[in-house]
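What follows is the content of data-v6.pdb (PDB, C-alpha atoms).
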```
ATOM      1  CA  MET A   1     162.400 -52.793  85.478  1.00  0.00           C
ATOM      2  CA  SER A   2     160.955 -50.339  87.941  1.00  0.00           C
ATOM      3  CA  ILE A   3     162.928 -47.393  89.214  1.00  0.00           C
ATOM      4  CA  ILE A   4     162.650 -48.691  92.784  1.00  0.00           C
ATOM      5  CA  LYS A   5     163.894 -52.158  91.854  1.00  0.00           C
ATOM      6  CA  ASN A   6     166.774 -50.668  89.886  1.00  0.00           C
ATOM      7  CA  PHE A   7     167.674 -48.503  92.890  1.00  0.00           C
ATOM      8  CA  LYS A   8     167.627 -51.533  95.207  1.00  0.00           C
ATOM      9  CA  LEU A   9     169.825 -53.545  92.823  1.00  0.00           C
ATOM     10  CA  LYS A  10     172.321 -50.695  92.644  1.00  0.00           C
ATOM     11  CA  LYS A  11     172.296 -50.461  96.444  1.00  0.00           C
ATOM     12  CA  VAL A  12     173.100 -54.180  96.821  1.00  0.00           C
ATOM     13  CA  ALA A  13     175.769 -53.928  94.115  1.00  0.00           C
ATOM     14  CA  LYS A  14     177.383 -51.008  95.914  1.00  0.00           C
ATOM     15  CA  LYS A  15     177.161 -52.698  99.336  1.00  0.00           C
ATOM     16  CA  HIS A  16     179.057 -55.751  98.046  1.00  0.00           C
ATOM     17  CA  SER A  17     181.240 -53.976  95.471  1.00  0.00           C
ATOM     18  CA  ILE A  18     179.681 -56.010  92.658  1.00  0.00           C
ATOM     19  CA  ASN A  19     181.118 -55.216  89.241  1.00  0.00           C
ATOM     20  CA  PHE A  20     179.405 -57.107  86.428  1.00  0.00           C
ATOM     21  CA  ALA A  21     181.680 -55.562  83.805  1.00  0.00           C
ATOM     22  CA  GLY A  22     185.076 -56.190  85.344  1.00  0.00           C
ATOM     23  CA  ARG A  23     188.056 -56.582  83.032  1.00  0.00           C
ATOM     24  CA  LEU A  24     188.191 -60.307  83.885  1.00  0.00           C
ATOM     25  CA  GLY A  25     184.444 -60.758  84.321  1.00  0.00           C
ATOM     26  CA  LEU A  26     182.211 -60.534  87.360  1.00  0.00           C
ATOM     27  CA  ALA A  27     184.028 -59.227  90.426  1.00  0.00           C
ATOM     28  CA  ILE A  28     182.777 -58.951  93.986  1.00  0.00           C
ATOM     29  CA  ASP A  29     184.717 -57.063  96.610  1.00  0.00           C
ATOM     30  CA  HIS A  30     187.627 -56.905  94.133  1.00  0.00           C
ATOM     31  CA  ASN A  31     187.699 -60.704  93.712  1.00  0.00           C
ATOM     32  CA  VAL A  32     187.234 -62.210  90.252  1.00  0.00           C
ATOM     33  CA  VAL A  33     184.338 -64.551  90.903  1.00  0.00           C
ATOM     34  CA  SER A  34     185.303 -67.206  88.351  1.00  0.00           C
ATOM     35  CA  ASN A  35     188.526 -67.790  90.306  1.00  0.00           C
ATOM     36  CA  PHE A  36     186.361 -69.375  93.005  1.00  0.00           C
ATOM     37  CA  ASN A  37     184.543 -71.848  90.741  1.00  0.00           C
ATOM     38  CA  TYR A  38     186.663 -74.780  91.966  1.00  0.00           C
ATOM     39  CA  LEU A  39     185.718 -74.029  95.574  1.00  0.00           C
ATOM     40  CA  LEU A  40     182.033 -73.667  94.703  1.00  0.00           C
ATOM     41  CA  GLU A  41     182.104 -77.015  92.937  1.00  0.00           C
ATOM     42  CA  HIS A  42     183.807 -78.689  95.881  1.00  0.00           C
ATOM     43  CA  TYR A  43     181.613 -77.236  98.639  1.00  0.00           C
ATOM     44  CA  SER A  44     178.410 -77.832  96.675  1.00  0.00           C
ATOM     45  CA  GLY A  45     179.299 -81.488  96.252  1.00  0.00           C
ATOM     46  CA  GLY A  46     179.571 -81.006  92.499  1.00  0.00           C
ATOM     47  CA  GLU A  47     176.054 -79.591  92.120  1.00  0.00           C
ATOM     48  CA  LEU A  48     177.317 -76.132  91.160  1.00  0.00           C
ATOM     49  CA  TRP A  49     180.422 -75.396  89.118  1.00  0.00           C
ATOM     50  CA  ASP A  50     180.091 -71.684  88.394  1.00  0.00           C
ATOM     51  CA  PHE A  51     178.267 -68.592  89.612  1.00  0.00           C
ATOM     52  CA  ASP A  52     176.278 -67.881  86.445  1.00  0.00           C
ATOM     53  CA  ASP A  53     172.863 -68.852  87.820  1.00  0.00           C
ATOM     54  CA  ARG A  54     172.159 -66.583  90.795  1.00  0.00           C
ATOM     55  CA  SER A  55     168.899 -68.407  91.533  1.00  0.00           C
ATOM     56  CA  LEU A  56     170.840 -71.649  92.116  1.00  0.00           C
ATOM     57  CA  ILE A  57     173.360 -69.865  94.310  1.00  0.00           C
ATOM     58  CA  HIS A  58     170.463 -68.431  96.303  1.00  0.00           C
ATOM     59  CA  LYS A  59     168.755 -71.829  96.531  1.00  0.00           C
ATOM     60  CA  HIS A  60     171.899 -73.496  97.907  1.00  0.00           C
ATOM     61  CA  LYS A  61     173.162 -70.536  99.952  1.00  0.00           C
ATOM     62  CA  ASP A  62     172.348 -71.816 103.445  1.00  0.00           C
ATOM     63  CA  GLN A  63     173.834 -75.269 102.860  1.00  0.00           C
ATOM     64  CA  LEU A  64     176.937 -73.800 101.212  1.00  0.00           C
ATOM     65  CA  LEU A  65     177.539 -71.383 104.082  1.00  0.00           C
ATOM     66  CA  LYS A  66     177.030 -74.165 106.626  1.00  0.00           C
ATOM     67  CA  THR A  67     179.478 -76.447 104.808  1.00  0.00           C
ATOM     68  CA  ILE A  68     182.076 -73.678 104.548  1.00  0.00           C
ATOM     69  CA  ASP A  69     181.708 -72.804 108.236  1.00  0.00           C
ATOM     70  CA  GLU A  70     182.201 -76.471 109.133  1.00  0.00           C
ATOM     71  CA  GLU A  71     185.359 -76.533 107.010  1.00  0.00           C
ATOM     72  CA  LEU A  72     186.693 -73.386 108.686  1.00  0.00           C
ATOM     73  CA  ARG A  73     186.436 -75.106 112.090  1.00  0.00           C
ATOM     74  CA  LYS A  74     188.787 -77.911 110.998  1.00  0.00           C
ATOM     75  CA  ASP A  75     192.455 -77.976 111.959  1.00  0.00           C
ATOM     76  CA  ALA A  76     193.564 -78.497 108.360  1.00  0.00           C
ATOM     77  CA  LEU A  77     191.496 -77.115 105.512  1.00  0.00           C
ATOM     78  CA  ARG A  78     190.935 -79.190 102.366  1.00  0.00           C
ATOM     79  CA  GLU A  79     192.410 -76.534 100.050  1.00  0.00           C
ATOM     80  CA  GLN A  80     195.379 -76.110 102.366  1.00  0.00           C
ATOM     81  CA  GLU A  81     196.226 -79.801 102.109  1.00  0.00           C
ATOM     82  CA  ALA A  82     195.356 -80.322  98.437  1.00  0.00           C
ATOM     83  CA  LEU A  83     197.193 -77.282  97.078  1.00  0.00           C
ATOM     84  CA  LYS A  84     199.896 -77.051  99.738  1.00  0.00           C
ATOM     85  CA  ILE A  85     199.036 -73.460 100.588  1.00  0.00           C
ATOM     86  CA  GLY A  86     199.098 -71.752 103.948  1.00  0.00           C
ATOM     87  CA  ARG A  87     196.131 -71.803 106.290  1.00  0.00           C
ATOM     88  CA  LYS A  88     195.690 -68.030 106.113  1.00  0.00           C
ATOM     89  CA  THR A  89     195.400 -68.157 102.331  1.00  0.00           C
ATOM     90  CA  ALA A  90     192.934 -71.059 102.447  1.00  0.00           C
ATOM     91  CA  GLU A  91     190.876 -69.267 105.122  1.00  0.00           C
ATOM     92  CA  ALA A  92     190.863 -66.050 103.114  1.00  0.00           C
ATOM     93  CA  ASN A  93     189.662 -67.951 100.048  1.00  0.00           C
ATOM     94  CA  LEU A  94     186.792 -69.522 101.992  1.00  0.00           C
ATOM     95  CA  LYS A  95     185.808 -66.200 103.542  1.00  0.00           C
ATOM     96  CA  ASN A  96     185.834 -64.587 100.102  1.00  0.00           C
ATOM     97  CA  LEU A  97     183.746 -67.475  98.768  1.00  0.00           C
ATOM     98  CA  LYS A  98     181.205 -66.795 101.509  1.00  0.00           C
ATOM     99  CA  LYS A  99     181.117 -63.085 100.593  1.00  0.00           C
ATOM    100  CA  ILE A 100     180.500 -63.971  96.953  1.00  0.00           C
ATOM    101  CA  ILE A 101     177.671 -66.371  97.815  1.00  0.00           C
ATOM    102  CA  VAL A 102     175.998 -63.856 100.138  1.00  0.00           C
ATOM    103  CA  ALA A 103     176.362 -61.005  97.639  1.00  0.00           C
ATOM    104  CA  LEU A 104     174.923 -62.971  94.720  1.00  0.00           C
ATOM    105  CA  SER A 105     172.112 -64.327  96.874  1.00  0.00           C
ATOM    106  CA  GLU A 106     171.142 -60.851  98.098  1.00  0.00           C
ATOM    107  CA  TYR A 107     171.283 -59.525  94.543  1.00  0.00           C
ATOM    108  CA  HIS A 108     169.057 -62.373  93.386  1.00  0.00           C
ATOM    109  CA  GLU A 109     166.509 -61.681  96.151  1.00  0.00           C
ATOM    110  CA  VAL A 110     166.035 -58.126  94.879  1.00  0.00           C
ATOM    111  CA  GLU A 111     166.207 -59.207  91.244  1.00  0.00           C
ATOM    112  CA  ALA A 112     163.524 -61.861  91.690  1.00  0.00           C
ATOM    113  CA  ALA A 113     161.180 -59.686  93.790  1.00  0.00           C
TER     114      ALA A 113
END
```

Please, can you express the file's structure as structure tokens?
Amino acid sequence: MSIIKNFKLKKVAKKHSINFAGRLGLAIDHNVVSNFNYLLEHYSGGELWDFDDRSLIHKHKDQLLKTIDEELRKDALREQEALKIGRKTAEANLKNLKKIIVALSEYHEVEAA
């Protein structure tokens, strides 16, 4: 890997607080990414079930973000109803999911360049 590419990857990792060696696995912005697998699976229509393949996350990024934004405009969020949690918690989870998708997609763009 070139020095420039390595620098760019580190820059993206720092920007999004990406920690590949977190105690509980990959963490982004202090969120354990695997905790969001159920949301990824739901909002991808079952096409994705984890965040292991950054190229797939990148490929589906725009549709995922659109679907999540549509959900956020609803009066009652799916997670809120299904898990009987408060709206603020459900909203925070979706916003964190968006951050994770964007971070992994940006990382992949540099990685694949």

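Proximity to Ala92 of chain A was assessed for A:Ile68, A:Ala113, A:Leu48, A:Met1 counting all atoms listed in the file; the smallest distance is recorded for A:Ile68.
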
Counting all atoms listed in the file, figure out which residue out of A:Val110, A:Leu56, A:Leu39, A:Ile28 gets nearest to Glu91 of chain A. A:Leu39

Show which residues sit within 10 Å of His60 of chain A, as an mmCIF file with C-alpha atoms, in the coordinates of the input. Count only C-alpha atoms, and ignore same-chain residues fewer than 6 positions away.
```cif
data_model
loop_
_atom_site.group_PDB
_atom_site.id
_atom_site.type_symbol
_atom_site.label_atom_id
_atom_site.label_comp_id
_atom_site.auth_asym_id
_atom_site.auth_seq_id
_atom_site.Cartn_x
_atom_site.Cartn_y
_atom_site.Cartn_z
ATOM 1 C CA SER A 44 178.410 -77.832 96.675
ATOM 2 C CA GLU A 47 176.054 -79.591 92.120
ATOM 3 C CA LEU A 48 177.317 -76.132 91.160
ATOM 4 C CA ARG A 54 172.159 -66.583 90.795
ATOM 5 C CA ILE A 101 177.671 -66.371 97.815
ATOM 6 C CA SER A 105 172.112 -64.327 96.874
#
```

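Counting from atom CA of Ile18 of chain A, the distance to atom CA of His58 of chain A is 15.9 Å.
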
Given the file above and the PyMOL selection byres ((chain A and resi 107) around 9), which residues are selected, and can you give them as a list in words? Lys8, Leu9, Val12, Ala13, Arg54, Val102, Ala103, Leu104, Ser105, Glu106, His108, Glu109, Val110, Glu111 and Ala112 of chain A
